[in-house]
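Below you'll find the structure, written out as structure tokens, and then a few comments.
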Amino acid sequence: LAEKMDQTVRKLRGTDKMTEANIGGALKEVRRAMLDADVNLRVVNQLIADVRERAVGQDVVAGVEPGQQFIKIIYEELTRVMGKDAAPLSTRAAGAGPTVVLLAGLQGAGKTTAAAKLALYVKSRKAEKPSAAAALEANPPPAPPAPTGPPPKVLLVACDVYRPAAVEQLQTLAGMIDVDVFTDDLSLGAVEIARRGLAVATEGKYHTVIIDTAGRQVINDKLMRELRDVKAAAKPDETLLVVDAMTGQEAANLTRAFNDDVGITGAILTKLDGDTRGGAALSVQSVSGKPIKFVGTGEKVERLEPFFPERMASRILGMGDVLTLVDKAEEAMDAKEAEALTKRMVDNTFDFEDFLKQSKMISTMGSFGGLMKMLPGVGSISGQQMAAAEQKLKLATCLINSMTPTERKQPDLLASGGRPPPASPASPAARGGRWPTPRRSCRTFSACAR
Ligand code: GDP
Ligand code: MG
């Protein structure tokens, strides 16, 4: 997709308005690419319609490639569908008993693994920290007081009564993270084991209970009935559908079935470490309206992360962080200013003052290296080269700062070789400005360029 996007970007170059004619082809490409990424057809069609409506007729922001702005609209729509922020785990108020999490899903989706991962996540108190997204807000909410005391106690309840190996698997994983497991005679059935497990958790003052359930190869009535019964008995705060990201197109049907028959509060998308594009994420969200709360990115118990819609949108588009770059450009570039600069370049009246203005705009966008990394395909430039380029820009800025205003306005003076001595050192006016009084901190170039 990144390649196709590049073509799209090129096609839009030089346009100042997005029209049906100049984005129609690009939209088709995006549509095909999303289908390739296993996004559900209905979801894709809705998304394309939304993007078209927003893009057509929109003016192109000064200083931004129209193609990039187009991609940004797609990206924003993708993010909107997936929910804007990371959704935290619901927890029960202190004193109201343990928080109960029920995991559901097909066989092999990663439920048992996710149960252990989630236990570790809760235990290491990551669930109590404000999300990274919240921390990035303009007015971040005050951080809660640092938790003290022993880590929250988590109980895993083994309710996969069909595969004894599943119980052992859960016990092995729990042993690795030092978390308790509740098991009982499998012939009691899942509902009774869940009930007993909860009683133990309440009595033992556990913070969180995570119930691992059986899966099936395919969705069937017996599985759904059992899940409904366990849910009725356990009254979970969260019923999370565990979805294998490789499920692709099927993820939509799967989500619909579990949401209609059992009722889910969110999902965990597993195996995102594979080469899947993650289209399943879009399907889950748009079919159920429920957020993806976590993603699994490996077999190890540590490999669980909160789900960030923005990152997933970038992954689906396969676009590095070009969108953040567009954002930064929009912030840094004063549209009018940019227009004036461009005009001066075209008229051949671009002088050193203009150069200074432009490099200042670039530097307000962050470090060179950071900027470059956001561009797809620029990974091959080394950090050293990047730092050298940045250094050169600083040095140039410094050199220009040390010139007289006249010199800055008339770059041709440089070609005439050497500065004429000031006519009268006593008269500042004759000097054309403040030079040669030491200016700002530019005593030596090396100090300045640091
Ligand atoms: P369950 O049948 O739903 O309980 O699935 P399991 O938890 O037993 O997982 C099935 C297989 O998928 C196991 O081999 C896991 O190690 C593997 N697995 C689970 N989550 C992930 C993940 O996020 N990434 C990868 N690569 N493998 C995973
Ligand atoms: Mg299992």
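In the structure tokens, chains take the letters A, B, ... in the order shown, each chain's residues start at 1, and ligands count up from 1 in the order shown.
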Write out as CSV a residue-level contact list of chain A versus ligand 2 with cut-off 9 Å: for each qualifying residue the closest pair of atoms and the distance in Å to one decimal, counting only C-alpha atoms and all ligand atoms, rows sorted by chain and residue number upward.
residue,atom,partner,partner_atom_place_in_ligand_line,distance
A:Gln107,CA,ligand 2,1 (Mg),6.8
A:Gly108,CA,ligand 2,1 (Mg),6.7
A:Ala109,CA,ligand 2,1 (Mg),8.1
A:Gly110,CA,ligand 2,1 (Mg),6.6
A:Lys111,CA,ligand 2,1 (Mg),5.3
A:Thr112,CA,ligand 2,1 (Mg),4.1
A:Thr113,CA,ligand 2,1 (Mg),7.2
A:Ala115,CA,ligand 2,1 (Mg),8.9
A:Ala158,CA,ligand 2,1 (Mg),8.9
A:Asp160,CA,ligand 2,1 (Mg),6.7
A:Arg163,CA,ligand 2,1 (Mg),8.2
A:Ala165,CA,ligand 2,1 (Mg),8.6
A:Ala166,CA,ligand 2,1 (Mg),5.2
A:Val167,CA,ligand 2,1 (Mg),8.0
A:Gln169,CA,ligand 2,1 (Mg),7.7
A:Leu170,CA,ligand 2,1 (Mg),7.8
A:Asp212,CA,ligand 2,1 (Mg),6.9
A:Thr213,CA,ligand 2,1 (Mg),6.8
A:Ala214,CA,ligand 2,1 (Mg),6.1
A:Gly215,CA,ligand 2,1 (Mg),6.9
So that I have them on file, write out the residues from the current selection with C-alpha atoms, as a PDB file, in the first residue's frame.
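So selection.pdb came out as:
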ATOM      1  CA  GLN A 107     -10.145 -22.309  19.692  1.00  0.00           C
ATOM      2  CA  GLY A 108      -6.562 -21.236  19.164  1.00  0.00           C
ATOM      3  CA  ALA A 109      -7.422 -17.523  19.177  1.00  0.00           C
ATOM      4  CA  GLY A 110      -5.143 -17.027  22.161  1.00  0.00           C
ATOM      5  CA  LYS A 111      -7.549 -16.930  25.120  1.00  0.00           C
ATOM      6  CA  THR A 112      -5.444 -18.905  27.556  1.00  0.00           C
ATOM      7  CA  THR A 113      -2.347 -16.929  26.643  1.00  0.00           C
ATOM      8  CA  ALA A 115      -5.591 -14.653  30.347  1.00  0.00           C
ATOM      9  CA  ALA A 158      -9.651 -22.426  34.391  1.00  0.00           C
ATOM     10  CA  ASP A 160     -11.976 -24.890  29.635  1.00  0.00           C
ATOM     11  CA  ARG A 163      -9.275 -29.964  27.194  1.00  0.00           C
ATOM     12  CA  ALA A 165      -4.252 -29.752  28.542  1.00  0.00           C
ATOM     13  CA  ALA A 166      -5.759 -26.267  28.614  1.00  0.00           C
ATOM     14  CA  VAL A 167      -5.771 -26.311  32.432  1.00  0.00           C
ATOM     15  CA  GLN A 169      -1.277 -24.681  29.991  1.00  0.00           C
ATOM     16  CA  LEU A 170      -2.873 -22.045  32.212  1.00  0.00           C
ATOM     17  CA  ASP A 212     -10.463 -18.583  30.704  1.00  0.00           C
ATOM     18  CA  THR A 213     -13.100 -20.473  28.711  1.00  0.00           C
ATOM     19  CA  ALA A 214     -13.235 -23.187  26.088  1.00  0.00           C
ATOM     20  CA  GLY A 215     -13.286 -22.365  22.411  1.00  0.00           C
TER      21      GLY A 215
END
DSSP alpha helix (DSSP H) selection over stretch 71-127 of chain A, as a PDB file with C-alpha atoms, in the first residue's frame:
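Result file is states09.pdb:
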ATOM      1  CA  ILE A  71      -3.881  10.403   3.200  1.00  0.00           C
ATOM      2  CA  LYS A  72      -4.395  12.276   6.422  1.00  0.00           C
ATOM      3  CA  ILE A  73      -8.123  12.405   5.827  1.00  0.00           C
ATOM      4  CA  ILE A  74      -8.171   8.650   5.255  1.00  0.00           C
ATOM      5  CA  TYR A  75      -6.141   8.130   8.382  1.00  0.00           C
ATOM      6  CA  GLU A  76      -8.412  10.319  10.486  1.00  0.00           C
ATOM      7  CA  GLU A  77     -11.470   8.461   9.257  1.00  0.00           C
ATOM      8  CA  LEU A  78      -9.803   5.129  10.046  1.00  0.00           C
ATOM      9  CA  THR A  79      -8.943   6.315  13.521  1.00  0.00           C
ATOM     10  CA  ARG A  80     -12.456   7.606  14.047  1.00  0.00           C
ATOM     11  CA  VAL A  81     -13.950   4.210  13.183  1.00  0.00           C
ATOM     12  CA  LYS A 111      -7.549 -16.930  25.120  1.00  0.00           C
ATOM     13  CA  THR A 112      -5.444 -18.905  27.556  1.00  0.00           C
ATOM     14  CA  THR A 113      -2.347 -16.929  26.643  1.00  0.00           C
ATOM     15  CA  ALA A 114      -4.288 -13.666  26.899  1.00  0.00           C
ATOM     16  CA  ALA A 115      -5.591 -14.653  30.347  1.00  0.00           C
ATOM     17  CA  ALA A 116      -2.026 -14.945  31.641  1.00  0.00           C
ATOM     18  CA  LYS A 117      -0.913 -11.783  29.841  1.00  0.00           C
ATOM     19  CA  LEU A 118      -3.785  -9.816  31.310  1.00  0.00           C
ATOM     20  CA  ALA A 119      -3.031 -11.178  34.777  1.00  0.00           C
ATOM     21  CA  LEU A 120       0.535  -9.938  34.494  1.00  0.00           C
ATOM     22  CA  TYR A 121      -0.682  -6.603  33.148  1.00  0.00           C
ATOM     23  CA  VAL A 122      -3.016  -6.045  36.088  1.00  0.00           C
ATOM     24  CA  LYS A 123      -0.448  -7.326  38.554  1.00  0.00           C
TER      25      LYS A 123
END
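Around stretch 249-259 of chain A, within 8 Å and counting only C-alpha atoms, the residues found are A:Asp38, A:Val39, A:Asn40, A:Ile219, A:Met224, A:Leu241, A:Val243, A:Ala245, A:Gly263, A:Ile264, A:Gly279, A:Ala280, A:Ser283, A:Val284, A:Val287, A:Ser288, once anything fewer than 4 positions away on its own chain is removed.
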Mind writing the picked residues with N, CA and C atoms as an mmCIF file, in the first residue's frame?
data_model
loop_
_atom_site.group_PDB
_atom_site.id
_atom_site.type_symbol
_atom_site.label_atom_id
_atom_site.label_comp_id
_atom_site.auth_asym_id
_atom_site.auth_seq_id
_atom_site.Cartn_x
_atom_site.Cartn_y
_atom_site.Cartn_z
ATOM 1 N N ASP A 38 -7.551 -7.044 4.538
ATOM 2 C CA ASP A 38 -8.595 -7.839 5.184
ATOM 3 C C ASP A 38 -9.627 -7.034 5.953
ATOM 4 N N VAL A 39 -9.825 -5.808 5.546
ATOM 5 C CA VAL A 39 -10.903 -5.053 6.168
ATOM 6 C C VAL A 39 -12.201 -5.518 5.511
ATOM 7 N N ASN A 40 -13.229 -5.644 6.312
ATOM 8 C CA ASN A 40 -14.509 -6.119 5.809
ATOM 9 C C ASN A 40 -15.085 -5.182 4.741
ATOM 10 N N ILE A 219 -18.056 -21.319 15.306
ATOM 11 C CA ILE A 219 -19.116 -20.841 16.193
ATOM 12 C C ILE A 219 -20.236 -21.879 16.208
ATOM 13 N N MET A 224 -21.968 -21.064 22.511
ATOM 14 C CA MET A 224 -22.603 -19.802 22.865
ATOM 15 C C MET A 224 -23.456 -19.947 24.131
ATOM 16 N N LEU A 241 -13.800 -10.412 23.777
ATOM 17 C CA LEU A 241 -13.677 -11.379 22.697
ATOM 18 C C LEU A 241 -12.216 -11.417 22.252
ATOM 19 N N VAL A 243 -9.676 -12.262 19.534
ATOM 20 C CA VAL A 243 -9.700 -12.467 18.082
ATOM 21 C C VAL A 243 -8.277 -12.585 17.542
ATOM 22 N N ALA A 245 -5.751 -11.940 14.882
ATOM 23 C CA ALA A 245 -5.686 -10.912 13.837
ATOM 24 C C ALA A 245 -5.618 -11.507 12.439
ATOM 25 N N GLY A 263 -22.821 -11.066 24.054
ATOM 26 C CA GLY A 263 -22.677 -9.660 24.479
ATOM 27 C C GLY A 263 -21.255 -9.433 24.942
ATOM 28 N N ILE A 264 -20.523 -8.593 24.226
ATOM 29 C CA ILE A 264 -19.140 -8.336 24.624
ATOM 30 C C ILE A 264 -18.977 -6.865 25.004
ATOM 31 N N GLY A 279 -6.424 -5.552 9.489
ATOM 32 C CA GLY A 279 -7.749 -5.126 9.050
ATOM 33 C C GLY A 279 -8.852 -5.615 9.968
ATOM 34 N N ALA A 280 -8.589 -6.736 10.667
ATOM 35 C CA ALA A 280 -9.578 -7.293 11.580
ATOM 36 C C ALA A 280 -9.970 -6.267 12.649
ATOM 37 N N SER A 283 -12.800 -4.238 11.478
ATOM 38 C CA SER A 283 -14.041 -5.002 11.421
ATOM 39 C C SER A 283 -14.658 -5.117 12.802
ATOM 40 N N VAL A 284 -13.854 -5.485 13.791
ATOM 41 C CA VAL A 284 -14.356 -5.683 15.140
ATOM 42 C C VAL A 284 -15.041 -4.414 15.632
ATOM 43 N N VAL A 287 -18.298 -3.418 13.489
ATOM 44 C CA VAL A 287 -19.429 -4.335 13.593
ATOM 45 C C VAL A 287 -20.073 -4.264 14.977
ATOM 46 N N SER A 288 -19.247 -4.202 16.020
ATOM 47 C CA SER A 288 -19.803 -4.295 17.372
ATOM 48 C C SER A 288 -19.926 -2.940 18.054
#
Spatial neighbours of stretch 189-202 of chain A, max dist 8 Å, only C-alpha atoms, sep filter under 6 positions, as a list in words: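 My list of contacting residues is Gly97, Pro98, Leu155, Val157, Ala158, Cys159, Asp160, Val161, Phe182, Thr183, Val209, Ile211, Thr213, Glu226, Asp229, Val230, Ala233 and Ala234 of chain A.
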Could those selected residues go to a file with C-alpha atoms, as a PDB file, in the first residue's frame?
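Everything below was put into out.pdb:
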ATOM      1  CA  GLY A  97     -15.386  -7.185  45.265  1.00  0.00           C
ATOM      2  CA  PRO A  98     -13.003  -8.379  42.585  1.00  0.00           C
ATOM      3  CA  LEU A 155      -6.876 -15.155  40.228  1.00  0.00           C
ATOM      4  CA  VAL A 157     -10.036 -19.475  36.733  1.00  0.00           C
ATOM      5  CA  ALA A 158      -9.651 -22.426  34.391  1.00  0.00           C
ATOM      6  CA  CYS A 159     -13.042 -23.037  32.756  1.00  0.00           C
ATOM      7  CA  ASP A 160     -11.976 -24.890  29.635  1.00  0.00           C
ATOM      8  CA  VAL A 161     -13.480 -28.184  30.760  1.00  0.00           C
ATOM      9  CA  PHE A 182      -8.359 -21.895  40.488  1.00  0.00           C
ATOM     10  CA  THR A 183      -9.164 -25.345  39.109  1.00  0.00           C
ATOM     11  CA  VAL A 209     -10.493 -12.546  38.436  1.00  0.00           C
ATOM     12  CA  ILE A 211     -11.945 -16.514  33.520  1.00  0.00           C
ATOM     13  CA  THR A 213     -13.100 -20.473  28.711  1.00  0.00           C
ATOM     14  CA  GLU A 226     -22.192 -22.227  27.727  1.00  0.00           C
ATOM     15  CA  ASP A 229     -24.450 -19.327  31.259  1.00  0.00           C
ATOM     16  CA  VAL A 230     -20.951 -18.580  32.564  1.00  0.00           C
ATOM     17  CA  ALA A 233     -23.196 -16.719  36.787  1.00  0.00           C
ATOM     18  CA  ALA A 234     -20.056 -14.580  36.895  1.00  0.00           C
TER      19      ALA A 234
END
Just list as an mmCIF file with N, CA and C atoms, in the first residue's frame whatever in stretch 12-258 of chain A DSSP marks as strand (DSSP E).
data_model
loop_
_atom_site.group_PDB
_atom_site.id
_atom_site.type_symbol
_atom_site.label_atom_id
_atom_site.label_comp_id
_atom_site.auth_asym_id
_atom_site.auth_seq_id
_atom_site.Cartn_x
_atom_site.Cartn_y
_atom_site.Cartn_z
ATOM 1 N N THR A 99 -12.779 -7.365 40.415
ATOM 2 C CA THR A 99 -13.161 -7.089 39.039
ATOM 3 C C THR A 99 -13.135 -8.406 38.275
ATOM 4 N N VAL A 100 -14.188 -8.681 37.507
ATOM 5 C CA VAL A 100 -14.254 -9.962 36.811
ATOM 6 C C VAL A 100 -14.125 -9.758 35.296
ATOM 7 N N VAL A 101 -13.189 -10.484 34.705
ATOM 8 C CA VAL A 101 -12.986 -10.420 33.260
ATOM 9 C C VAL A 101 -13.233 -11.801 32.676
ATOM 10 N N LEU A 102 -14.140 -11.862 31.709
ATOM 11 C CA LEU A 102 -14.442 -13.133 31.043
ATOM 12 C C LEU A 102 -13.861 -13.096 29.638
ATOM 13 N N LEU A 103 -13.102 -14.134 29.288
ATOM 14 C CA LEU A 103 -12.524 -14.188 27.946
ATOM 15 C C LEU A 103 -13.268 -15.212 27.094
ATOM 16 N N ALA A 104 -13.591 -14.816 25.879
ATOM 17 C CA ALA A 104 -14.303 -15.708 24.970
ATOM 18 C C ALA A 104 -13.644 -15.683 23.605
ATOM 19 N N VAL A 154 -4.278 -11.373 41.582
ATOM 20 C CA VAL A 154 -5.089 -11.806 40.441
ATOM 21 C C VAL A 154 -5.322 -13.307 40.528
ATOM 22 N N LEU A 155 -6.564 -13.727 40.255
ATOM 23 C CA LEU A 155 -6.876 -15.155 40.228
ATOM 24 C C LEU A 155 -7.320 -15.548 38.823
ATOM 25 N N LEU A 156 -6.663 -16.579 38.303
ATOM 26 C CA LEU A 156 -7.066 -17.120 36.999
ATOM 27 C C LEU A 156 -7.984 -18.308 37.248
ATOM 28 N N VAL A 157 -9.112 -18.362 36.557
ATOM 29 C CA VAL A 157 -10.036 -19.475 36.733
ATOM 30 C C VAL A 157 -10.082 -20.286 35.443
ATOM 31 N N ALA A 158 -9.750 -21.559 35.578
ATOM 32 C CA ALA A 158 -9.651 -22.426 34.391
ATOM 33 C C ALA A 158 -10.997 -23.063 34.073
ATOM 34 N N CYS A 159 -11.709 -22.528 33.096
ATOM 35 C CA CYS A 159 -13.042 -23.037 32.756
ATOM 36 C C CYS A 159 -13.104 -23.741 31.412
ATOM 37 N N ASP A 180 -2.066 -16.963 41.035
ATOM 38 C CA ASP A 180 -2.831 -18.152 41.441
ATOM 39 C C ASP A 180 -3.814 -18.592 40.357
ATOM 40 N N VAL A 181 -4.031 -19.920 40.310
ATOM 41 C CA VAL A 181 -5.019 -20.471 39.380
ATOM 42 C C VAL A 181 -6.047 -21.250 40.195
ATOM 43 N N PHE A 182 -7.322 -21.069 39.873
ATOM 44 C CA PHE A 182 -8.359 -21.895 40.488
ATOM 45 C C PHE A 182 -8.780 -22.980 39.509
ATOM 46 N N THR A 208 -8.579 -8.897 40.955
ATOM 47 C CA THR A 208 -9.143 -9.208 39.637
ATOM 48 C C THR A 208 -9.231 -10.714 39.425
ATOM 49 N N VAL A 209 -10.324 -11.141 38.801
ATOM 50 C CA VAL A 209 -10.493 -12.546 38.436
ATOM 51 C C VAL A 209 -10.583 -12.613 36.918
ATOM 52 N N ILE A 210 -9.804 -13.507 36.329
ATOM 53 C CA ILE A 210 -9.855 -13.651 34.869
ATOM 54 C C ILE A 210 -10.288 -15.074 34.549
ATOM 55 N N ILE A 211 -11.392 -15.189 33.816
ATOM 56 C CA ILE A 211 -11.945 -16.514 33.520
ATOM 57 C C ILE A 211 -11.577 -16.925 32.095
ATOM 58 N N ASP A 212 -10.843 -18.034 32.011
ATOM 59 C CA ASP A 212 -10.463 -18.583 30.704
ATOM 60 C C ASP A 212 -11.523 -19.618 30.323
ATOM 61 N N THR A 213 -12.037 -19.544 29.123
ATOM 62 C CA THR A 213 -13.100 -20.473 28.711
ATOM 63 C C THR A 213 -12.664 -21.331 27.532
ATOM 64 N N GLU A 238 -16.069 -7.111 32.434
ATOM 65 C CA GLU A 238 -15.623 -7.081 31.048
ATOM 66 C C GLU A 238 -15.819 -8.462 30.442
ATOM 67 N N THR A 239 -16.436 -8.514 29.273
ATOM 68 C CA THR A 239 -16.461 -9.752 28.492
ATOM 69 C C THR A 239 -15.687 -9.451 27.219
ATOM 70 N N LEU A 240 -14.482 -9.972 27.161
ATOM 71 C CA LEU A 240 -13.611 -9.632 26.037
ATOM 72 C C LEU A 240 -13.547 -10.770 25.019
ATOM 73 N N LEU A 241 -13.800 -10.412 23.777
ATOM 74 C CA LEU A 241 -13.677 -11.379 22.697
ATOM 75 C C LEU A 241 -12.216 -11.417 22.252
ATOM 76 N N VAL A 242 -11.643 -12.605 22.284
ATOM 77 C CA VAL A 242 -10.254 -12.745 21.844
ATOM 78 C C VAL A 242 -10.263 -13.126 20.365
ATOM 79 N N VAL A 243 -9.676 -12.262 19.534
ATOM 80 C CA VAL A 243 -9.700 -12.467 18.082
ATOM 81 C C VAL A 243 -8.277 -12.585 17.542
ATOM 82 N N ASP A 244 -8.061 -13.623 16.786
ATOM 83 C CA ASP A 244 -6.782 -13.784 16.095
ATOM 84 C C ASP A 244 -6.763 -12.800 14.913
#
